[in-house]
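Here the structure is laid out as structure tokens; the discussion comes afterwards.
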Amino acid sequence: MTSPIASLGPAIRSVLVANRGEIARRVFATARRAGIGTVAVFSDADAAAPHVAEADVAIRLPGNTPAETYLRADLIIEAARAAGADAIHPGYGFLSENAGFAQAVEDAGLTWVGPPVKSIESMGSKVESKKLMDAAGVPVLAELAPDQVTEAHLPVLIKASAGGGGRGMRVVRELSALAGELEAARREAQSAFGDPTVFCERYLETGRHIEVQVMADKHGTVWAVGERECSIQRRHQKVVEEAPSPLVERTPGMRERLFEASRLAANAIGYEGAGTVEFLADERGEFFFLEMNTRLQVEHPVTECTTGLDLVDLQLQVASGAALPAEPPALRGHSIEVRLYAEDPAKNWQPQSGIVHRIELPGVVEEFTVLDRQGVRLDSGVVAGSVVGVHYDPMLAKVISFAPTRGQAAQLLAGALARTELHGLRTNRDLLVNILRHPAFLAGDTDTAFFDTHGLDTLARPLADPDVEALSALAAALADAAMNRAAARVDGRIPSGWRNLTSQPQHKQYTSGAGEYDIRYLLGRGGLRADGFEHVALVSSTPDVVVLDVSGLRRTFDVARYGDEVFVDSALGPVALTATPRFVDPATIVAAGSLLAPMPGAVIRLGAAQGDSVTLGQPILWLEAMKMEHTITAPVSGVLVELPVSIGQQVDVGSVLALVEAEETEEESA
């Protein structure tokens with residue numbers, strides 16, 4: 001691990017991280033290794049979060065929403081003073097690129113672990129920053145003011161001027177949709193960054209998202225540390241990131257040109273600390289400046305693994321006045337990072353909320369640490385028992401592999417993810433594995449249209465096919481039977497459902513995202529007899545582990561249950577099931593045509609009124625959850641007979657938001 005060699009200022013003694021989740025834990029890990037004290041801040045929703053428990057001291061920010069808590073610069077600075085911190089690290093998101101916050105930190109006599117205020121101001125407006133970069137000789141993509149957009153400019157991309165991460169971004173392909181999308185983008189930008197300013201630029205349907213990590217000290221040394229490729233994105237948020245870039249690797253001279261442009265960008269604004277210069281590139285190796293993020297990036301671990309640098313340690317040392325060596329270390333190996341989200345890709349990336357019952361990755365070498373050997377690194381914001389709420393981004397963790405070659409890194413990461421025991425929430429895990437194993441990805445053929453090109457429905461398919469799900473349901477039923485026998489007070493050693501004379505088979509029902517499984521079986525002198533599983537024999541069963549012989553192949557299934565939720569993990573793929581109760585409570589049955597809240601959230605807009613005629617797919621209302629807007633549409637054409645919610649109302653998952661009564665067809669009315 002490489003560090004600066006000359007420290008020229010007072011060392012930081014205690015650092016407050018003005019953030020939450022994974023990035024707070026990441027900064028704390030480096031601070032502890034450096035002997036620096038740690039201070040956490042937390043909202044009410046985060047009171048039991050891991051980052052709170054791991055800090056030396058934690059201070060509550062009353063409220064739940066970002067506007068009440070992590071966007072309150074005054075409360076954060078008060079917390080630093082109260083805890084005796086002498087420095088503030090902003091992490092990423094929230095106030096990390098807010099020049100006013102940086103200035104307030106310095107005015108309070110605290111060390112700002114970030115670039116100079118003027119550098120943040122220069123890049124704070126993406127409109128002005130492009131003009132500045134153009135003047136500095138950095139290739140740029142032309143800006144468009146929203147009121148200047150015409151049919152000739154379409155498609156265009158609306159972007160938030162004050163932040164990134166996909167918040168406030170909208171693609172507009174029809175001029176008639178521009179006004180509505182501008183309004184929605186401004187709301188999201190205000191919610192995420194406290195600034196509703198947006199702008200437009202020409203949208204390139206395909207391209208490569210290439211970015212360069214820069215690091216600069218206070219003494220004039222500017223490093224272009226290495227490039228990353230982050231082309232595979234959903235909703236303009238990165239999903240897979242890697243270093244080095246496959247495109248750059250195979251394009252002669254491109255790395256040198258990228259590095260030179262990035263150093264020009266950093267020097268043009270007198271940059272200090274860690275930052276990222278982002279470009280959009282084509283297959284020929286031409287590139288255009290998109291923006292400069294004046295902070296640490298989510299995907300910084302892949303650069304750490306391929307350079308040996310601890311970028312957070314460098315941030316802390318540069319903030320203390322340390323001088324960088326003249327040149328950065330040489331690049332080594334290949335690293336790939338994936339973002340594990342609580343979301344359902346197959347349902348338009350719908351965020352999920354709830355309890356993480358278990359998260360266990362096999363073969364993890366390190367957590368929050370630079371890898372110096374082949375292996376897997378985990379940077380997670382959650383642990384077993386964590387609750388994923390609706391107020392913040394649904395990212396659970398970053399999983400990072402490091403290996404000598406790109407193919408090895410992809411295989412290692414895919415295998416670790418596929419074998420991960422992840423219980424409690426629907427996630428994008430299967431999608432990530434399918435991407436990492438896809439021939440186009442392995443060939444380095446990635447661009448921003450990857451999901452459109454290769455089909456989201458195909459990429460999001462479960463790792464476990466229906467036959468595996470059925471086999472897993474059988475294993476769940478046998479584990480349940482073993483649990484019942486283990487709890488029996490008498491004759492516990494007798495097989496479940498035992499009869500001297502053959503009677504009715506044992507019966508269990510399960511549902512999954514793919515369908516329903518009706519498991520009927522008998523355990524007798526001849527062993528297991530299960531309907532539809534003539535090729536399956538039971539080897540052994542306990543409440544937690546079932547071993548089956550499947551056509552001569554012995555398979556082990558690990559079974560975990562949390563109430564009616566059952567999770568079955570095996571080498572064939574993970575399966576999530578819900579045990580069907582024997583008796584259904586009539587009160588839980590909802591009327592056909594009911595629109596149920598897919599997640600907890602707040603109603604922010606209504607698109608129709610009770611009594612209106614609506615058409616299939618028409619927006620009925622909009623929910624805000626996890627800093628994003630979610631449109632709730634009519635499931636059928638008909639009449640909106642019930643609308644029991646109002647603007648501003650908080651709703652729980654499963655709440656009835658509306659009831660649409662389907663219109664009768666001519667055949668039905670005849």
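So you can find residues: chains in the structure tokens are A, B, ... in the order shown, residues in each start at 1, and ligands are numbered from 1 in order.
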Worksheet item: Contacts of Ser161 of chain A at 9 Å or less, counting only C-alpha atoms, minus same-chain residues fewer than 6 places along, as a list in words?
Response: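 Here the answer would be Gly124, Ser125, Lys126, Val127, Gly168, Ala189, Asp195, Pro196, Thr197, Val198 and Phe199 of chain A.
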Interface rows for segment 417-513 of chain A against segment 567-570 of chain A: nearest pair, Å to one decimal, 10 Å, only C-alpha atoms, as a Markdown table:
```
| residue | atom | partner | partner_atom | distance |
| --- | --- | --- | --- | --- |
| A:Ala418 | CA | A:Ser570 | CA | 9.4 |
| A:Arg419 | CA | A:Ser570 | CA | 7.6 |
| A:Thr420 | CA | A:Asp569 | CA | 8.4 |
| A:Glu421 | CA | A:Asp569 | CA | 6.7 |
| A:Leu422 | CA | A:Phe567 | CA | 8.5 |
| A:His423 | CA | A:Phe567 | CA | 6.5 |
| A:Gly424 | CA | A:Phe567 | CA | 8.4 |
| A:Ala464 | CA | A:Ser570 | CA | 9.5 |
| A:Val468 | CA | A:Ser570 | CA | 9.4 |
| A:Glu469 | CA | A:Val568 | CA | 8.9 |
| A:Leu471 | CA | A:Val568 | CA | 9.8 |
| A:Ser472 | CA | A:Val568 | CA | 6.1 |
| A:Ala473 | CA | A:Val568 | CA | 8.0 |
| A:Ala475 | CA | A:Val568 | CA | 7.9 |
| A:Ala476 | CA | A:Val568 | CA | 7.0 |
```
Can you write just those residues out, N, CA and C atoms, as a short mmCIF file (atom, residue, chain, number, x, y, z; two decimals), in the first residue's frame?
```cif
data_model
loop_
_atom_site.label_atom_id
_atom_site.label_comp_id
_atom_site.auth_asym_id
_atom_site.auth_seq_id
_atom_site.Cartn_x
_atom_site.Cartn_y
_atom_site.Cartn_z
N ALA A 418 -22.82 -15.72 -6.78
CA ALA A 418 -23.77 -16.83 -6.96
C ALA A 418 -23.88 -17.66 -5.69
N ARG A 419 -22.80 -17.76 -4.92
CA ARG A 419 -22.81 -18.58 -3.70
C ARG A 419 -23.15 -17.77 -2.45
N THR A 420 -23.41 -16.50 -2.61
CA THR A 420 -23.73 -15.65 -1.46
C THR A 420 -25.07 -16.04 -0.86
N GLU A 421 -25.13 -16.14 0.45
CA GLU A 421 -26.38 -16.35 1.16
C GLU A 421 -26.95 -14.98 1.50
N LEU A 422 -27.99 -14.60 0.77
CA LEU A 422 -28.57 -13.27 0.88
C LEU A 422 -30.07 -13.43 1.12
N HIS A 423 -30.46 -13.25 2.37
CA HIS A 423 -31.83 -13.54 2.77
C HIS A 423 -32.56 -12.28 3.22
N GLY A 424 -33.79 -12.14 2.77
CA GLY A 424 -34.64 -11.11 3.33
C GLY A 424 -35.18 -10.11 2.33
N ALA A 464 -31.61 -19.71 -10.62
CA ALA A 464 -32.28 -21.00 -10.46
C ALA A 464 -33.47 -21.08 -11.41
N VAL A 468 -35.07 -26.17 -10.73
CA VAL A 468 -34.27 -26.00 -9.51
C VAL A 468 -35.16 -25.44 -8.40
N GLU A 469 -36.05 -24.51 -8.75
CA GLU A 469 -36.95 -23.97 -7.73
C GLU A 469 -37.83 -25.08 -7.15
N LEU A 471 -37.15 -28.30 -7.01
CA LEU A 471 -36.30 -29.16 -6.19
C LEU A 471 -36.01 -28.48 -4.84
N SER A 472 -35.79 -27.17 -4.86
CA SER A 472 -35.54 -26.43 -3.64
C SER A 472 -36.78 -26.40 -2.75
N ALA A 473 -37.97 -26.32 -3.38
CA ALA A 473 -39.21 -26.37 -2.60
C ALA A 473 -39.36 -27.72 -1.92
N ALA A 475 -36.85 -29.62 -0.97
CA ALA A 475 -35.89 -29.57 0.13
C ALA A 475 -36.44 -28.77 1.30
N ALA A 476 -37.12 -27.66 1.02
CA ALA A 476 -37.71 -26.84 2.08
C ALA A 476 -38.77 -27.62 2.84
#
```
Worksheet item: Taking into account only C-alpha atoms, which residue in the set A:Gln148, A:Ser594, A:Ser613, A:Gln618 is nearest to Leu657 of chain A?
Response: A:Ser594
Worksheet item: Just asking: which residues within segment 169-391 of chain A are helix (DSSP H, G or I) according to DSSP, as a count of residues only?
Response: 59
Item to complete: Might you pull out every residue within 12 Å of Arg186 of chain A, with only C-alpha atoms counted and same-chain residues fewer than 5 positions away left off, and present them as JSON, numbers by chain?
Response: {"A": [146, 158, 159, 160, 161, 162, 163, 167, 168, 169, 170, 179, 180, 181, 191, 192, 193, 194, 195, 196, 197, 198, 199, 628, 629]}
Discussion item. So that I can check the surroundings of Leu474 of chain A, please list as JSON, numbers by chain every protein, DNA and RNA residue that reaches within 12 Å of it, counting only C-alpha atoms and ignoring chain neighbours fewer than 5 positions away.
Written reply: {"A": [467, 468, 469, 479, 480, 481, 506, 507, 508, 509, 510, 517, 518, 519, 520, 521, 522, 528, 529, 530, 531, 532, 533, 536, 537, 538, 541, 546, 547, 548, 550, 557, 559, 566, 568, 575, 577, 579]}
Worksheet item: Which residue out of A:Val318, A:Val214, A:Ala576, A:Ala625 has the minimum interatomic distance to Asn293 of chain A when only C-alpha atoms are used?
Response: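 For Asn293 of chain A, the nearest of the candidates is A:Val214.
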Closest atom pairs, segment 29-134 of chain A residues within 10 Å of segment 266-271 of chain A, only C-alpha atoms, as JSON lines:
```
{"residue": "A:Gly114", "atom": "CA", "partner": "A:Tyr271", "partner_atom": "CA", "distance": 9.5}
{"residue": "A:Pro115", "atom": "CA", "partner": "A:Tyr271", "partner_atom": "CA", "distance": 6.0}
{"residue": "A:Pro116", "atom": "CA", "partner": "A:Tyr271", "partner_atom": "CA", "distance": 6.8}
{"residue": "A:Val117", "atom": "CA", "partner": "A:Tyr271", "partner_atom": "CA", "distance": 9.7}
{"residue": "A:Lys118", "atom": "CA", "partner": "A:Ile269", "partner_atom": "CA", "distance": 7.6}
{"residue": "A:Ser119", "atom": "CA", "partner": "A:Ile269", "partner_atom": "CA", "distance": 5.3}
{"residue": "A:Ile120", "atom": "CA", "partner": "A:Ile269", "partner_atom": "CA", "distance": 8.7}
{"residue": "A:Glu121", "atom": "CA", "partner": "A:Ile269", "partner_atom": "CA", "distance": 9.4}
{"residue": "A:Ser122", "atom": "CA", "partner": "A:Ile269", "partner_atom": "CA", "distance": 6.8}
{"residue": "A:Met123", "atom": "CA", "partner": "A:Ile269", "partner_atom": "CA", "distance": 8.4}
{"residue": "A:Ser129", "atom": "CA", "partner": "A:Ile269", "partner_atom": "CA", "distance": 9.6}
{"residue": "A:Leu132", "atom": "CA", "partner": "A:Ala268", "partner_atom": "CA", "distance": 7.9}
{"residue": "A:Met133", "atom": "CA", "partner": "A:Ala268", "partner_atom": "CA", "distance": 7.6}
```
Selected residues written out with N, CA, C and O atoms, as a compact mmCIF listing (two decimals), in the first residue's frame:
```txt
# COMPACT_ATOMS: atom_id res chain seq x y z
N GLY A 114 -11.30 17.46 1.55
CA GLY A 114 -11.80 17.59 0.19
C GLY A 114 -11.06 18.70 -0.52
O GLY A 114 -10.12 19.29 0.03
N PRO A 115 -11.48 19.02 -1.73
CA PRO A 115 -10.79 20.04 -2.52
C PRO A 115 -11.09 21.45 -2.02
O PRO A 115 -12.01 21.65 -1.21
N PRO A 116 -10.35 22.45 -2.49
CA PRO A 116 -10.62 23.83 -2.11
C PRO A 116 -12.04 24.25 -2.48
O PRO A 116 -12.63 23.74 -3.45
N VAL A 117 -12.58 25.18 -1.70
CA VAL A 117 -13.94 25.65 -1.96
C VAL A 117 -14.08 26.17 -3.39
O VAL A 117 -15.08 25.89 -4.07
N LYS A 118 -13.09 26.89 -3.88
CA LYS A 118 -13.18 27.44 -5.24
C LYS A 118 -13.22 26.33 -6.30
O LYS A 118 -13.88 26.48 -7.34
N SER A 119 -12.54 25.23 -6.04
CA SER A 119 -12.59 24.11 -6.99
C SER A 119 -13.98 23.51 -7.03
O SER A 119 -14.49 23.16 -8.11
N ILE A 120 -14.59 23.38 -5.86
CA ILE A 120 -15.96 22.84 -5.81
C ILE A 120 -16.91 23.78 -6.52
O ILE A 120 -17.78 23.36 -7.30
N GLU A 121 -16.74 25.09 -6.29
CA GLU A 121 -17.60 26.07 -6.95
C GLU A 121 -17.44 26.00 -8.47
O GLU A 121 -18.41 26.08 -9.22
N SER A 122 -16.21 25.82 -8.93
CA SER A 122 -15.94 25.76 -10.37
C SER A 122 -16.66 24.59 -11.02
O SER A 122 -17.17 24.70 -12.14
N MET A 123 -16.71 23.47 -10.33
CA MET A 123 -17.34 22.27 -10.88
C MET A 123 -18.78 22.09 -10.39
O MET A 123 -19.48 21.19 -10.84
N SER A 129 -18.98 24.50 -15.61
CA SER A 129 -17.76 23.69 -15.62
C SER A 129 -17.37 23.29 -17.03
O SER A 129 -16.18 23.22 -17.36
N LEU A 132 -15.56 26.09 -18.64
CA LEU A 132 -14.22 26.19 -18.09
C LEU A 132 -13.30 25.13 -18.69
O LEU A 132 -12.15 25.39 -19.05
N MET A 133 -13.81 23.90 -18.82
CA MET A 133 -13.01 22.82 -19.38
C MET A 133 -12.72 23.04 -20.87
O MET A 133 -11.63 22.76 -21.35
```
Fill in: Of the listed residues A:Leu296, A:Ala662, A:Ala409, A:Leu595, that which approaches Thr631 of chain A most closely, counting only C-alpha atoms
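For Thr631 of chain A, the nearest of the candidates is A:Leu595.
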Worksheet item: Got a sec to tell me which of segment 269-379 of chain A DSSP assigns to strand (DSSP E or B), as a count of residues only?
Response: 44
Worksheet item: Hey, which of A:Gly308, A:Gly285, A:Gly389, A:Gly407 ends up closest to Ser43 of chain A? Count only C-alpha atoms.
Response: A:Gly389
Practice prompt. Do a neighbour search on Ala142 of chain A at 10 Å with only C-alpha atoms, toss out local chain neighbours closer than 3 positions, and write the hits as a ChimeraX atom specification.
Written response: /A:127,130-131,134,139,200-202,288-290
Prev. selection, C-alpha atoms, output as a PDB file, in the first residue's frame:
```
ATOM      1  CA  VAL A 127     -23.063  24.189 -17.142  1.00  0.00           C
ATOM      2  CA  LYS A 130     -18.014  22.647 -19.256  1.00  0.00           C
ATOM      3  CA  LYS A 131     -17.255  26.185 -20.373  1.00  0.00           C
ATOM      4  CA  ASP A 134     -13.506  23.887 -22.971  1.00  0.00           C
ATOM      5  CA  PRO A 139     -12.917  18.041 -25.167  1.00  0.00           C
ATOM      6  CA  CYS A 200     -29.798  19.531 -20.904  1.00  0.00           C
ATOM      7  CA  GLU A 201     -27.221  18.056 -23.225  1.00  0.00           C
ATOM      8  CA  ARG A 202     -27.318  15.948 -26.363  1.00  0.00           C
ATOM      9  CA  PHE A 288     -15.867  14.200 -24.314  1.00  0.00           C
ATOM     10  CA  PHE A 289     -15.824  15.731 -20.845  1.00  0.00           C
ATOM     11  CA  LEU A 290     -19.032  15.072 -18.906  1.00  0.00           C
TER      12      LEU A 290
END
```
